[in-house]
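> Okay, handing you the structure first.
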Amino acid sequence: MLVRLLYASRAVDTSPAAIESILGPARAHNTACGVTGILCYGAGIFLQAIEGGRMAVSDLYGHIQKDPRHKDVVLLQYEEITERRFGGWTMGQVNLSRLNSSTLLKYSEKPELNPYAVSGKVSMALLEELMAGAAIVGRH
């Protein structure tokens with residue numbers, strides 16, 4: 001059974017090296033576990049959708065909750081799905097610095113990434129628009 005989980009967290013260390021230390025191993029691990037997804041990172045905040053088998057996604061989310069590199073981990077949405085939306089990515093990444101602020105403003109009160117201030121449904125709509133608009137850095 002496939003599921004999709006959407007969560008937000010704050011990075012403890014926002015240096016580029018620290019962020020890459022999270023992303024690099026995650027991509028390798030996700031491939032081995034059949035997990036796909038998309039990650040949006042900006043201003044110290046992660047917004048991530050992960051999808052795959054129920055146990056694989058649950059195990060990964062449990063690991064993220066315990067990871068000392070993340071804080072304020074919040075579950076925004078969880079659902080059973082019939083097919084993947086992000087099947088082409090082990091972890092596609094959005095480059096917010098290249099994003100038009102009007103896209104963010106469309107989904108929130110201010111033109112900034114803040115999944116803590118909006119619903120999970122709104123955060124998922126933002127990710128889907130970013131994916132449709134080719135704002136994804138790579139199909140890692």
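The way I read the labels, and the way they are meant: chains A, B, ... in the order of the structure tokens, residue 1 as the first residue of every chain, and ligand 1 as the first ligand shown, with later ones counted on from there.
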Can you tell me, as a PyMOL selection string, which residues in chain A count as strand (DSSP E or B) by DSSP?

chain A and resi 2-11+36-42+45-53+70-81+92-95+136

> Please, could you write that set of residues out with C-alpha atoms as a short mmCIF file (atom, residue, chain, number, x, y, z; two decimals), in the first residue's frame?


data_model
loop_
_atom_site.label_atom_id
_atom_site.label_comp_id
_atom_site.auth_asym_id
_atom_site.auth_seq_id
_atom_site.Cartn_x
_atom_site.Cartn_y
_atom_site.Cartn_z
CA LEU A 2 1.28 3.44 -0.97
CA VAL A 3 1.06 6.45 1.33
CA ARG A 4 2.11 10.09 1.16
CA LEU A 5 3.28 12.06 4.18
CA LEU A 6 3.86 15.79 4.30
CA TYR A 7 5.83 17.36 7.12
CA ALA A 8 7.65 20.54 8.05
CA SER A 9 10.72 21.00 10.21
CA ARG A 10 13.35 23.58 11.01
CA ALA A 11 17.04 22.98 10.35
CA THR A 36 10.22 9.15 -3.52
CA GLY A 37 9.36 12.75 -2.79
CA ILE A 38 10.02 16.43 -3.05
CA LEU A 39 11.76 18.81 -0.69
CA CYS A 40 11.37 22.56 -0.43
CA TYR A 41 13.92 24.36 1.74
CA GLY A 42 14.16 28.03 2.55
CA ILE A 45 12.53 25.51 7.01
CA PHE A 46 12.04 22.15 5.31
CA LEU A 47 8.74 21.25 3.67
CA GLN A 48 8.87 17.70 2.43
CA ALA A 49 6.47 15.23 0.87
CA ILE A 50 7.56 11.59 0.99
CA GLU A 51 5.74 8.69 -0.59
CA GLY A 52 6.18 4.96 -0.74
CA GLY A 53 5.17 1.86 1.17
CA HIS A 70 15.77 18.77 12.66
CA LYS A 71 13.63 20.58 15.21
CA ASP A 72 9.95 21.52 15.38
CA VAL A 73 8.99 18.50 13.23
CA VAL A 74 5.27 18.71 12.46
CA LEU A 75 3.05 16.30 10.52
CA LEU A 76 0.98 18.33 8.03
CA GLN A 77 -0.77 15.60 6.07
CA TYR A 78 -0.87 11.81 5.77
CA GLU A 79 -2.92 9.85 3.26
CA GLU A 80 -3.21 6.55 1.46
CA ILE A 81 -2.65 7.04 -2.26
CA GLY A 92 13.60 16.54 -5.90
CA GLN A 93 14.70 19.85 -4.41
CA VAL A 94 13.18 23.28 -4.90
CA ASN A 95 15.53 26.24 -5.13
CA ILE A 136 12.69 21.55 -9.11
#

> What residues in segment 4-39 of chain A get the DSSP label alpha helix (DSSP H)? Please answer as a ChimeraX atom specification.

/A:16-33

> Skipping near chain neighbours, those fewer than 6 positions away, what residues fall within 10 Å of Pro111 of chain A using only C-alpha atoms, listed as an MDAnalysis selection string?

chainID A and resid 100:105

> Using atom CA of Val12 of chain A and atom CA of Gln65 of chain A as the two end points, give the distance in Å to one decimal.

12.7 Å

> Have a look at A:Ile64, A:Ala43, A:Ile19, A:Met131 and name the one nearest to Leu113 of chain A; count only C-alpha atoms.

A:Ala43

> Kindly give the distance, in Å, that separates atom CA of Thr14 of chain A and atom CA of Pro68 of chain A, rounded to a single decimal.

12.9 Å
